[in-house]
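Source file: upload.cif (mmCIF, C-alpha atoms)
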data_work
#
loop_
_atom_site.label_atom_id
_atom_site.label_comp_id
_atom_site.auth_asym_id
_atom_site.auth_seq_id
_atom_site.Cartn_x
_atom_site.Cartn_y
_atom_site.Cartn_z
CA MET V 1 43.31 -100.92 32.65
CA HIS V 2 46.25 -102.30 34.62
CA PRO V 3 48.58 -104.75 32.85
CA TRP V 4 48.00 -107.45 35.48
CA ASP V 5 44.24 -107.19 34.87
CA ILE V 6 44.65 -107.47 31.11
CA TYR V 7 47.05 -110.37 31.57
CA ALA V 8 44.76 -112.28 33.92
CA GLN V 9 41.69 -111.72 31.77
CA GLU V 10 43.37 -112.69 28.51
CA LEU V 11 45.04 -115.91 29.74
CA ALA V 12 42.30 -117.22 32.05
CA PHE V 13 40.70 -119.27 29.27
CA HIS V 14 43.63 -121.72 29.26
CA GLY V 15 42.05 -123.42 32.27
CA GLN V 16 45.21 -123.41 34.40
CA GLY V 17 43.83 -121.11 37.09
CA HIS V 18 44.52 -117.45 37.79
CA PRO V 19 47.55 -116.12 35.84
CA LEU V 20 49.98 -114.16 38.03
CA TRP V 21 51.62 -111.13 36.45
CA ARG V 22 54.26 -111.33 39.20
CA PRO V 23 55.28 -115.00 39.50
CA GLU V 24 58.42 -114.36 41.59
CA PRO V 25 58.60 -115.03 45.36
CA SER V 26 57.92 -112.20 47.77
CA ALA V 27 60.60 -109.75 48.86
CA VAL V 28 61.50 -112.01 51.80
CA GLY V 29 61.46 -115.23 49.82
CA TRP V 30 57.97 -116.66 50.27
CA THR V 31 56.93 -118.83 47.35
CA VAL V 32 53.34 -119.80 46.58
CA GLN V 33 52.43 -123.32 47.71
CA VAL V 34 49.22 -125.27 48.09
CA GLY V 35 47.61 -124.60 51.45
CA ASP V 36 48.66 -120.95 51.44
CA VAL V 37 46.06 -118.35 52.38
CA GLY V 38 46.34 -114.81 51.12
CA TRP V 39 44.96 -112.25 48.73
CA LEU V 40 45.72 -110.91 45.26
CA ARG V 41 47.13 -107.43 44.71
CA ASN V 42 48.67 -105.85 41.59
CA GLY V 43 49.15 -109.17 39.86
CA ALA V 44 50.86 -110.88 42.82
CA PHE V 45 49.79 -113.30 45.54
CA ARG V 46 50.23 -111.77 49.01
CA HIS V 47 50.72 -114.21 51.86
CA LEU V 48 48.52 -114.13 54.93
CA LEU V 49 49.41 -117.49 56.47
CA ARG V 50 50.31 -121.11 55.72
CA THR V 51 47.72 -123.59 56.87
CA MET V 52 50.16 -126.51 56.69
CA CYS V 53 52.75 -124.88 59.00
CA TYR V 54 51.99 -124.18 62.63
CA ALA V 55 55.19 -122.74 64.11
CA GLY V 56 55.45 -118.97 64.05
CA ASP V 57 58.86 -119.14 62.38
CA ASP V 58 57.24 -120.92 59.44
CA GLN V 59 54.56 -118.27 58.92
CA PRO V 60 54.81 -115.20 56.66
CA HIS V 61 54.07 -112.79 59.53
CA GLY V 62 55.64 -114.85 62.31
CA VAL V 63 52.31 -115.40 64.07
CA VAL V 64 49.07 -117.28 63.46
CA PRO V 65 45.44 -116.45 64.29
CA GLU V 66 44.10 -117.28 67.72
CA HIS V 67 42.79 -120.87 67.82
CA PHE V 68 44.64 -121.56 64.56
CA THR V 69 43.89 -124.99 63.10
CA LEU V 70 46.57 -126.88 61.20
CA LEU V 71 45.65 -128.51 57.90
CA GLU V 72 47.51 -131.82 57.99
CA PRO V 73 49.09 -132.81 54.64
CA GLU V 74 48.66 -136.47 55.65
CA GLU V 75 44.89 -135.97 55.49
CA LEU V 76 44.97 -134.74 51.90
CA TYR V 77 45.51 -136.27 48.48
CA ILE V 78 48.07 -134.00 46.82
CA LEU V 79 48.90 -134.57 43.18
CA GLU V 80 52.11 -133.44 41.54
CA ARG V 81 52.86 -133.31 37.82
CA ARG V 82 55.96 -132.43 35.88
CA GLN V 83 55.51 -130.69 32.54
CA SER V 84 51.89 -129.86 33.40
CA ILE V 85 52.00 -127.29 30.60
CA GLN V 86 53.53 -128.54 27.38
CA GLN V 87 53.54 -125.26 25.45
CA ARG V 88 56.47 -122.93 25.91
CA VAL V 89 54.48 -119.81 24.97
CA LEU V 90 50.85 -119.32 25.98
CA THR V 91 48.86 -116.57 24.28
CA SER V 92 45.44 -114.96 24.46
CA LEU V 93 42.65 -115.81 22.05
CA GLY V 94 43.24 -112.80 19.81
CA ILE V 95 46.77 -113.89 18.90
CA ARG V 96 47.21 -115.92 15.74
CA ASP V 97 50.04 -117.27 13.56
CA LEU V 98 52.44 -117.63 16.47
CA VAL V 99 56.02 -118.48 15.51
CA VAL V 100 58.64 -119.00 18.23
CA GLN V 101 62.30 -119.18 17.34
CA PRO V 102 65.66 -118.58 19.05
CA VAL V 103 67.66 -115.50 18.15
CA ALA V 104 71.18 -116.15 16.86
CA ASP V 105 74.07 -114.72 18.85
CA GLU V 106 75.47 -111.69 17.05
CA THR V 107 79.06 -112.78 17.68
CA SER V 108 79.04 -116.53 17.12
CA GLY V 109 75.93 -116.80 14.97
CA ARG V 110 74.79 -119.74 17.06
CA THR V 111 71.39 -120.17 18.61
CA SER V 112 70.79 -121.40 22.15
CA PRO V 113 68.08 -123.78 23.33
CA PHE V 114 64.75 -122.07 23.97
CA THR V 115 65.08 -121.89 27.72
CA GLU V 116 68.73 -120.75 27.74
CA GLY V 117 68.99 -117.83 25.34
CA ARG V 118 67.23 -115.02 23.59
CA THR V 119 64.00 -115.95 21.84
CA THR V 120 61.45 -114.12 19.74
CA ALA V 121 57.77 -114.93 19.35
CA THR V 122 56.12 -113.28 16.33
CA PHE V 123 52.36 -113.19 15.91
CA ASN V 124 49.34 -111.45 14.39
CA CYS V 125 46.63 -109.74 16.42
CA GLU V 126 42.87 -110.00 15.99
CA ARG V 127 41.88 -108.08 19.11
CA PRO V 128 42.97 -104.77 20.65
CA THR V 129 44.08 -106.45 23.90
CA GLY V 130 46.23 -109.49 24.47
CA ALA V 131 48.82 -111.24 26.61
CA LEU V 132 51.67 -113.73 26.35
CA LEU V 133 53.46 -116.00 28.81
CA ALA V 134 56.77 -117.63 27.98
CA LEU V 135 57.97 -120.27 30.40
CA SER V 136 60.35 -123.18 30.69
CA ASP V 137 59.63 -126.52 32.36
CA THR V 138 56.63 -126.56 34.67
CA HIS V 139 55.59 -128.33 37.84
CA GLU V 140 52.07 -128.44 39.23
CA GLN V 141 51.04 -129.28 42.77
CA ARG V 142 47.32 -129.67 43.39
CA ILE V 143 45.11 -130.69 46.32
CA GLU V 144 42.55 -133.16 45.04
CA SER V 145 40.65 -133.37 48.35
CA ARG V 146 38.22 -130.66 47.37
CA LEU V 147 35.53 -131.36 49.97
CA ARG V 148 38.11 -131.50 52.75
CA ILE V 149 39.58 -128.09 51.96
CA ALA V 150 36.16 -126.53 51.28
CA ARG V 151 34.92 -127.55 54.72
CA PHE V 152 38.22 -126.47 56.27
CA MET V 153 37.92 -123.04 54.67
CA LEU V 154 34.34 -122.62 55.81
CA ALA V 155 35.32 -123.44 59.38
CA GLU V 156 38.44 -121.21 59.48
CA HIS V 157 37.56 -118.32 57.18
CA ALA V 158 36.23 -116.02 59.92
CA ARG V 159 39.49 -116.44 61.91
CA TRP V 160 41.57 -115.67 58.82
CA LEU V 161 39.54 -112.54 58.11
CA SER V 162 39.83 -111.34 61.72
CA PHE V 163 43.58 -112.03 61.66
CA ALA V 164 43.96 -110.03 58.43
CA ASN V 165 41.93 -107.04 59.56
CA ASP V 166 42.12 -106.91 63.35
CA THR V 167 45.72 -108.13 63.76
CA LEU V 168 47.40 -106.96 60.56
CA GLY V 169 45.09 -104.04 59.71
CA LEU V 170 44.64 -105.05 56.07
CA ASP V 171 40.96 -104.07 55.61
CA LEU V 172 40.17 -107.09 53.42
CA LYS V 173 36.68 -108.13 52.40
CA PRO V 174 35.64 -111.76 52.97
CA GLU V 175 35.82 -112.50 49.25
CA ASP V 176 39.37 -111.06 49.03
CA ILE V 177 40.81 -114.02 50.95
CA VAL V 178 41.76 -117.03 48.84
CA PHE V 179 42.96 -120.54 49.70
CA VAL V 180 45.49 -121.91 47.21
CA SER V 181 44.46 -125.37 46.06
CA ALA V 182 46.89 -125.67 43.13
CA ALA V 183 50.08 -123.94 42.01
CA THR V 184 51.95 -124.21 38.71
CA THR V 185 55.60 -123.20 38.96
CA THR V 186 58.53 -122.79 36.61
CA PRO V 187 62.22 -121.83 36.90
CA ARG V 188 62.07 -119.12 34.22
CA TRP V 189 59.43 -116.90 32.67
CA ALA V 190 58.58 -113.77 30.71
CA VAL V 191 55.16 -112.07 30.57
CA ALA V 192 53.69 -109.37 28.35
CA ALA V 193 50.39 -107.54 27.88
CA TYR V 194 49.13 -104.89 25.50
CA GLU V 195 46.10 -102.67 25.01
CA HIS V 196 45.03 -100.38 22.18
CA ASN V 197 41.89 -98.64 20.96
CA ASP V 198 42.02 -100.34 17.57
CA ASN V 199 43.00 -103.75 16.28
CA LEU V 200 46.73 -104.23 15.90
CA GLU V 201 48.86 -105.70 13.16
CA GLY V 202 51.83 -107.97 13.59
CA GLY V 203 53.69 -108.08 16.87
CA SER V 204 56.83 -109.60 18.36
CA PHE V 205 57.79 -110.51 21.91
CA THR V 206 61.51 -110.94 22.51
CA PHE V 207 62.72 -112.29 25.83
CA ASP V 208 66.07 -113.41 27.18
CA TYR V 209 66.63 -116.22 29.68
CA ARG V 210 70.39 -115.67 29.87
CA ALA V 211 71.74 -114.78 33.28
CA HIS V 212 73.20 -111.32 33.92
CA SER V 213 71.91 -109.97 30.62
CA THR V 214 72.57 -106.23 30.35
CA ASP V 215 71.12 -105.68 26.88
CA PRO V 216 68.35 -103.06 27.31
CA LEU V 217 66.46 -104.58 24.38
CA ALA V 218 66.80 -108.18 25.51
CA THR V 219 63.16 -108.22 26.56
CA ARG V 220 60.57 -106.15 24.77
CA LEU V 221 57.15 -106.22 23.12
CA ALA V 222 56.77 -104.39 19.80
CA PHE V 223 54.20 -103.97 17.04
CA SER V 224 54.37 -103.02 13.38
CA ASN V 225 51.63 -100.39 13.72
CA SER V 226 52.72 -96.80 13.41
CA ALA V 227 50.53 -95.97 16.40
CA ILE V 228 52.29 -97.63 19.33
CA PRO V 229 49.87 -99.36 21.71
CA ARG V 230 50.30 -99.50 25.44
CA THR V 231 52.60 -102.41 26.13
CA TRP V 232 54.04 -103.92 29.30
CA TRP V 233 56.49 -106.74 29.86
CA ARG V 234 58.42 -108.44 32.63
CA CYS V 235 61.14 -111.10 32.54
CA MET V 236 63.10 -113.09 35.08
CA PRO V 237 66.81 -113.77 34.41
CA ALA V 238 67.88 -117.39 34.32
CA GLU V 239 70.05 -117.07 37.45
CA PRO V 240 70.15 -114.89 40.56
CA SER V 241 71.89 -111.63 39.74
CA VAL V 242 72.55 -108.20 41.14
CA GLY V 243 71.59 -106.52 37.88
CA GLY V 244 70.05 -103.07 37.81
CA ASP V 245 67.28 -101.47 35.84
CA ILE V 246 67.65 -102.92 32.38
CA ALA V 247 64.15 -102.61 30.95
CA ALA V 248 63.47 -100.40 27.96
CA GLY V 249 61.16 -97.40 28.11
CA PRO V 250 59.36 -96.00 31.16
CA ARG V 251 59.39 -98.84 33.65
CA ARG V 252 59.65 -99.88 37.24
CA VAL V 253 61.93 -102.71 38.43
CA GLN V 254 61.00 -104.80 41.44
CA THR V 255 63.84 -106.65 43.15
CA ASP V 256 62.85 -109.71 45.15
CA VAL V 257 64.94 -112.05 47.24
CA CYS V 258 64.43 -115.61 46.13
CA THR V 259 65.32 -118.02 48.91
CA SER V 260 62.64 -120.68 49.27
CA GLN V 261 63.52 -124.33 49.50
CA PRO V 262 62.40 -126.78 46.81
CA TYR V 263 60.32 -129.82 47.57
CA GLU V 264 61.18 -133.24 46.23
CA PRO V 265 58.21 -135.13 44.79
CA VAL V 266 58.13 -138.91 44.74
CA SER V 267 57.61 -140.21 41.23
CA ASP V 268 55.34 -143.09 40.34
CA GLY V 269 57.43 -143.80 37.25
CA GLY V 270 55.40 -141.57 34.93
CA GLY V 271 54.66 -137.89 34.66
CA THR V 272 52.57 -137.81 37.82
CA THR V 273 53.76 -137.86 41.40
CA THR V 274 51.99 -137.90 44.71
CA THR V 275 53.08 -135.96 47.74
CA PRO V 276 54.15 -137.97 50.80
CA PRO V 277 53.66 -136.60 54.31
CA HIS V 278 57.28 -135.48 54.51
CA VAL V 279 56.96 -132.94 51.69
CA ASN V 280 58.65 -129.67 52.63
CA PHE V 281 56.14 -126.87 53.18
CA SER V 282 58.77 -124.63 54.71
CA GLY V 283 59.36 -120.93 54.44
CA PRO V 284 62.48 -119.04 53.40
CA SER V 285 65.91 -120.62 53.49
CA SER V 286 69.37 -119.13 53.49
CA THR V 287 70.43 -121.43 50.64
CA ALA V 288 70.96 -119.72 47.30
CA PRO V 289 68.43 -120.91 44.70
CA ALA V 290 69.58 -122.97 41.75
CA PRO V 291 68.56 -121.83 38.26
CA SER V 292 66.34 -124.93 37.86
CA ARG V 293 64.36 -124.31 41.05
CA TYR V 294 60.61 -124.37 40.53
CA ASP V 295 59.79 -121.37 42.71
CA GLN V 296 58.25 -118.97 40.19
CA CYS V 297 54.47 -119.36 40.33
CA VAL V 298 52.74 -118.58 37.04
CA PHE V 299 49.24 -119.96 37.79
CA ILE V 300 47.25 -120.60 40.94
CA ARG V 301 43.89 -122.19 41.57
CA PHE V 302 42.06 -121.15 44.69
CA LEU V 303 38.82 -121.22 46.65
CA LYS V 304 36.90 -118.09 47.60
CA ILE V 305 33.98 -117.34 49.90
CA LYS V 306 31.35 -114.64 49.61
CA ARG V 307 28.83 -113.89 52.33
CA ARG V 308 25.34 -112.42 52.40
CA TYR V 309 24.47 -111.55 55.95
CA PHE V 310 20.75 -110.91 55.87
CA LEU V 311 19.53 -114.35 54.78
CA PRO V 312 19.00 -117.58 56.77
CA SER V 313 22.19 -119.46 57.49
CA ARG V 314 22.87 -121.96 54.72
CA ILE V 315 26.08 -123.01 53.02
CA VAL V 316 26.23 -123.69 49.30
CA ALA V 317 28.84 -124.56 46.73
CA ALA V 318 29.00 -124.68 42.99
CA ALA V 319 28.32 -127.93 41.19
CA GLY V 320 28.51 -129.20 37.64
CA PRO V 321 26.06 -128.17 34.94
CA ASP V 322 22.78 -129.88 34.10
CA ASP V 323 22.62 -129.53 30.32
CA LEU V 324 25.28 -127.43 28.70
CA PRO V 325 24.37 -125.46 25.59
CA GLY V 326 26.13 -126.00 22.31
CA PRO V 327 29.17 -124.03 21.19
CA GLU V 328 28.73 -120.32 21.51
CA ASN V 329 28.37 -118.18 18.44
CA ASP V 330 66.94 -114.33 46.09
CA SER V 331 69.66 -115.77 47.97
CA ALA V 332 72.02 -114.48 50.73
CA GLY V 333 74.63 -113.62 48.09
CA GLY V 334 72.51 -112.35 45.21
CA ARG V 335 69.16 -111.12 44.05
CA VAL V 336 66.73 -112.11 41.34
CA VAL V 337 65.77 -109.03 39.34
CA PRO V 338 62.53 -109.36 37.38
CA VAL V 339 62.80 -107.04 34.40
CA GLU V 340 59.80 -104.83 33.79
CA GLY V 341 59.08 -102.66 30.78
CA ALA V 342 56.30 -100.38 29.61
CA GLY V 343 56.29 -99.29 26.02
CA ASN V 344 53.99 -96.29 26.26
CA GLY V 345 53.07 -95.68 29.88
CA GLY V 346 53.68 -96.95 33.38
CA GLU V 347 52.06 -100.03 34.86
CA GLY V 348 49.35 -97.95 36.46
CA ASP V 349 48.28 -96.39 33.17
CA GLY V 350 45.94 -97.76 30.57
CA VAL V 351 43.42 -96.96 27.88
CA SER V 352 40.42 -98.18 29.83
CA ASP V 353 39.46 -97.85 33.46
CA ASP V 354 36.86 -100.61 33.26
CA PRO V 355 37.29 -103.00 36.18
CA ILE V 356 38.24 -106.61 35.55
CA VAL V 357 35.94 -109.08 37.24
CA ASP V 358 37.35 -112.34 38.60
CA PRO V 359 35.40 -115.20 36.98
CA LEU V 360 35.12 -116.78 40.43
CA ASP V 361 33.35 -113.67 41.71
CA CYS V 362 30.80 -114.14 38.94
CA LEU V 363 30.21 -117.71 40.10
CA LEU V 364 29.86 -116.63 43.73
CA ASP V 365 27.34 -113.96 42.72
CA TYR V 366 25.44 -116.53 40.66
CA ILE V 367 25.18 -118.82 43.69
CA LEU V 368 23.86 -116.04 45.89
CA GLU V 369 21.44 -114.77 43.27
CA HIS V 370 20.00 -118.20 42.52
CA SER V 371 19.64 -119.51 46.05
CA SER V 372 18.79 -118.33 49.52
CA ALA V 373 22.34 -119.02 50.72
CA GLU V 374 24.13 -116.85 53.22
CA ILE V 375 27.56 -118.14 52.23
CA ALA V 376 28.79 -119.26 48.83
CA ILE V 377 32.08 -121.04 48.18
CA ALA V 378 33.58 -121.77 44.77
CA SER V 379 36.86 -122.72 43.13
CA HIS V 380 38.45 -122.74 39.70
CA SER V 381 37.76 -126.47 39.57
CA ASP V 382 34.05 -125.66 39.78
CA LEU V 383 34.32 -123.33 36.81
CA TYR V 384 36.20 -125.90 34.75
CA ALA V 385 33.59 -128.55 35.62
CA ILE V 386 30.76 -126.27 34.52
CA PHE V 387 32.40 -125.44 31.20
CA GLU V 388 34.06 -128.81 30.70
CA GLY V 389 35.61 -129.11 27.26
CA ARG V 390 34.98 -125.46 26.49
CA GLU V 391 37.02 -122.32 26.79
CA LEU V 392 36.03 -120.09 29.67
CA PRO V 393 33.75 -117.35 28.32
CA VAL V 394 34.75 -113.71 28.47
CA ASN V 395 31.34 -112.67 29.80
CA MET V 396 31.16 -115.14 32.66
CA SER V 397 28.00 -113.76 34.29
CA SER V 398 25.90 -114.11 31.14
CA ALA V 399 27.35 -117.53 30.36
CA LEU V 400 26.45 -118.85 33.82
CA VAL V 401 22.85 -117.70 33.39
CA ARG V 402 22.68 -119.53 30.05
CA VAL V 403 24.27 -122.72 31.37
CA ALA V 404 22.26 -122.54 34.62
CA PRO V 405 24.38 -124.90 36.77
CA ARG V 406 22.53 -126.35 39.72
CA VAL V 407 23.56 -125.23 43.19
CA GLU V 408 24.23 -127.88 45.82
CA VAL V 409 23.38 -126.98 49.41
CA ASP V 410 25.09 -128.64 52.36
CA GLU V 411 23.17 -127.90 55.55
CA LEU V 412 26.06 -129.31 57.58
CA GLY V 413 28.44 -126.68 56.30
CA GLY V 414 30.20 -128.64 53.54
CA GLY V 415 30.57 -127.42 50.04
#
Rewritten as structure tokens:
Amino acid sequence: MHPWDIYAQELAFHGQGHPLWRPEPSAVGWTVQVGDVGWLRNGAFRHLLRTMCYAGDDQPHGVVPEHFTLLEPEELYILERRQSIQQRVLTSLGIRDLVVQPVADETSGRTSPFTEGRTTATFNCERPTGALLALSDTHEQRIESRLRIARFMLAEHARWLSFANDTLGLDLKPEDIVFVSAATTTPRWAVAAYEHNDNLEGGSFTFDYRAHSTDPLATRLAFSNSAIPRTWWRCMPAEPSVGGDIAAGPRRVQTDVCTSQPYEPVSDGGGTTTTPPHVNFSGPSSTAPAPSRYDQCVFIRFLKIKRRYFLPSRIVAAAGPDDLPGPENDSAGGRVVPVEGAGNGGEGDGVSDDPIVDPLDCLLDYILEHSSAEIAIASHSDLYAIFEGRELPVNMSSALVRVAPRVEVDELGGG
């Protein structure tokens, strides 16, 4: 099982959207923003196009599909929130007794604030797989106009798919394409995942937010078991650097230029802001990123479409449940170097080859199996509405059958 699959599966229950194993911008500086269209690959979001930018210079591939339609930000209600995630370390369900504390400097004996120095999270394990995300301050941008973007996606999806396959030669399936409706970003992060055949004992995840750190053990995931499980970790330095391969063990380092411009939300005086029409949805910039820039995307919410070609043409979308059951038993002058480590195998290795199923794919299949629809469209918001107040189940397909959410059909093409 790939580390990005374990990571996404284990942290999905937090209800923040899809966890990205690779939060950093692309190699040419494209960050993840609402209105982006793309696909997921190896734990990263790959850009296809930006629906809120028309000019070719503002597009990831420099061109747009034929008859491209712009999605006007002025026609959307876009919500922005600072500190959308209060916790500084998020863990999977099988992790218990979490203790997070800064590591004292060996020379001075002093400890740095959590987001500025070396920190260790110790924990106990109750399951053979798990994941952790350490992050600093967060910022969420979310499109609340769900019906507007659902109808927009239904109308434009065929053009996007043709652009991906016929123009770019990507060979994507219809359900591979996603429309980003929400993005949670942070200036600094560290991620880890592990997998083992048996239950594990105590573990520790040490990560370092200091810039230009050259300590090979600054970021690592370790366990007290004598049998070492398969472990993977990645960490972003606090500032752009030209550092080399500094991860411990067999690993692969990916160097990405980080050059996107920040956007400036307008505050309403509290923790929530709304996006005015002049919000910057631009592409890469030549300006070097500041350490506090919110351009590292740790979670995304998106919409997906799945088609069934041999049935009468109807459009459906997920809705809320009827009766829910009770509780279930880089810059021009420097580069950002995300540090990657693998304790007992490369990122492509793993104990299990079982595929990880996107919970949204389960919902799309449920819609098609319980209706005569040709096209199904669903989003993370639909899942959270169905299981409101509950953690997302691990076996999503079975849980959907038990909950039996009703399916709303819009003959006019809305969803």
With only C-alpha atoms as the basis for distance, which of V:Thr167, V:Thr129, V:Ser204, V:Thr219 is at the shortest distance from Val100 in chain V? V:Ser204
Point out the residue among V:Leu303, V:Leu40, V:Leu93, V:Ile149 with the least atom-to-atom distance to Met52 in chain V, counting only C-alpha atoms.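 Nearest to Met52 in chain V: V:Ile149.
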By how many Å are CA of Glu126 in chain V and CA of Glu201 in chain V apart? 7.9 Å
How would you write, as a PyMOL selection string, the residues chosen by the PyMOL selection byres ((chain V and resi 60-72) around 7) on this structure? chain V and resi 47-49+51-54+56-59+73-75+159-160+163
Those same residues, written as a tab-separated table (two decimals), in the frame of the given file with C-alpha atoms?
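out-v6.tsv was written with the following content:
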chain	number	residue	atom	x	y	z
V	47	HIS	CA	50.72	-114.21	51.86
V	48	LEU	CA	48.52	-114.13	54.93
V	49	LEU	CA	49.41	-117.49	56.47
V	51	THR	CA	47.72	-123.59	56.87
V	52	MET	CA	50.16	-126.51	56.69
V	53	CYS	CA	52.75	-124.88	59.00
V	54	TYR	CA	51.99	-124.18	62.63
V	56	GLY	CA	55.45	-118.97	64.05
V	57	ASP	CA	58.86	-119.14	62.38
V	58	ASP	CA	57.24	-120.92	59.44
V	59	GLN	CA	54.56	-118.27	58.92
V	73	PRO	CA	49.09	-132.81	54.64
V	74	GLU	CA	48.66	-136.47	55.65
V	75	GLU	CA	44.89	-135.97	55.49
V	159	ARG	CA	39.49	-116.44	61.91
V	160	TRP	CA	41.57	-115.67	58.82
V	163	PHE	CA	43.58	-112.03	61.66
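Checking V:Phe223, V:Trp232, V:Trp30, V:Trp21 one by one against Ala192 in chain V, counting all atoms listed in the file, you find the shortest gap at V:Trp232.
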Please write as a ChimeraX atom specification the list of polymer residues whose atoms come within 12 Å of (49.2, -116.3, 27.3), counting all atoms listed in the file and keeping to the coordinates of the file. /V:6-16,18-21,85,87-96,98,121,129-135,189-194,205,298-299
Looking at all atoms listed in the file, which of V:Leu364, V:Ala222, V:Leu383, V:Ala27 is the one that sits closest to Cys125 in chain V?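 Nearest to Cys125 in chain V: V:Ala222.
Here CA of Val178 in chain V is placed at a distance of 23.9 Å from CA of Ser398 in chain V.
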Please provide as a VMD selection string all residues within 7 Å of Ser136 in chain V, with the sequence filter that same-chain residues fewer than 2 positions apart are discarded (counting all atoms listed in the file). chain V and resid 88 115 138 186 to 189
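Between CA of Asn124 in chain V and CA of Arg220 in chain V the interatomic distance comes to 16.2 Å.
Candidate residues V:Ile78, V:His157, V:Leu170, V:Arg127 were compared for distance to Arg41 in chain V, and the nearest is V:Leu170, using all atoms listed in the file.
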Close residues, His139 in chain V itself excluded, 9 Å, only C-alpha atoms, min 4 positions apart in chain, as a VMD selection string: chain V and resid 80 to 85 183 to 186 294
Any chance you could resolve the PyMOL selection byres ((chain V and resi 182) around 9) against this file and give the residues as an mmCIF file with C-alpha atoms, in the frame of the given file?
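The result, written out as expr10.cif:
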data_model
loop_
_atom_site.group_PDB
_atom_site.id
_atom_site.type_symbol
_atom_site.label_atom_id
_atom_site.label_comp_id
_atom_site.auth_asym_id
_atom_site.auth_seq_id
_atom_site.Cartn_x
_atom_site.Cartn_y
_atom_site.Cartn_z
ATOM 1 C CA GLY V 17 43.830 -121.110 37.090
ATOM 2 C CA GLN V 33 52.430 -123.320 47.710
ATOM 3 C CA VAL V 34 49.220 -125.270 48.090
ATOM 4 C CA GLY V 35 47.610 -124.600 51.450
ATOM 5 C CA GLU V 140 52.070 -128.440 39.230
ATOM 6 C CA GLN V 141 51.040 -129.280 42.770
ATOM 7 C CA ARG V 142 47.320 -129.670 43.390
ATOM 8 C CA ILE V 143 45.110 -130.690 46.320
ATOM 9 C CA GLU V 144 42.550 -133.160 45.040
ATOM 10 C CA VAL V 180 45.490 -121.910 47.210
ATOM 11 C CA SER V 181 44.460 -125.370 46.060
ATOM 12 C CA ALA V 183 50.080 -123.940 42.010
ATOM 13 C CA THR V 184 51.950 -124.210 38.710
ATOM 14 C CA PHE V 299 49.240 -119.960 37.790
ATOM 15 C CA ILE V 300 47.250 -120.600 40.940
ATOM 16 C CA ARG V 301 43.890 -122.190 41.570
ATOM 17 C CA PHE V 302 42.060 -121.150 44.690
#
Which one of V:Gly169, V:Pro102, V:Gly29, V:Pro174 sits closest to Phe207 in chain V if you count all atoms listed in the file?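 The shortest atom-to-atom distance to Phe207 in chain V comes from V:Pro102.
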Centre, edges in Å (one decimal): axis-aligned box, range 185-193 of chain V, 3 Å padding on all six sides, as lines of an AutoDock Vina configuration file:
center_x = 56.3
center_y = -115.4
center_z = 33.4
size_x = 17.8
size_y = 21.7
size_z = 17.1
Any chance you could work out the residue set of the PyMOL selection byres ((chain V and resi 370) around 10) here, as a PyMOL selection string? chain V and resi 365-369+371-373+401+404-407
Go ahead and save the picked residues with C-alpha atoms, as a short mmCIF file (atom, residue, chain, number, x, y, z; two decimals), in the frame of the given file.
data_model
loop_
_atom_site.label_atom_id
_atom_site.label_comp_id
_atom_site.auth_asym_id
_atom_site.auth_seq_id
_atom_site.Cartn_x
_atom_site.Cartn_y
_atom_site.Cartn_z
CA ASP V 365 27.34 -113.96 42.72
CA TYR V 366 25.44 -116.53 40.66
CA ILE V 367 25.18 -118.82 43.69
CA LEU V 368 23.86 -116.04 45.89
CA GLU V 369 21.44 -114.77 43.27
CA SER V 371 19.64 -119.51 46.05
CA SER V 372 18.79 -118.33 49.52
CA ALA V 373 22.34 -119.02 50.72
CA VAL V 401 22.85 -117.70 33.39
CA ALA V 404 22.26 -122.54 34.62
CA PRO V 405 24.38 -124.90 36.77
CA ARG V 406 22.53 -126.35 39.72
CA VAL V 407 23.56 -125.23 43.19
#
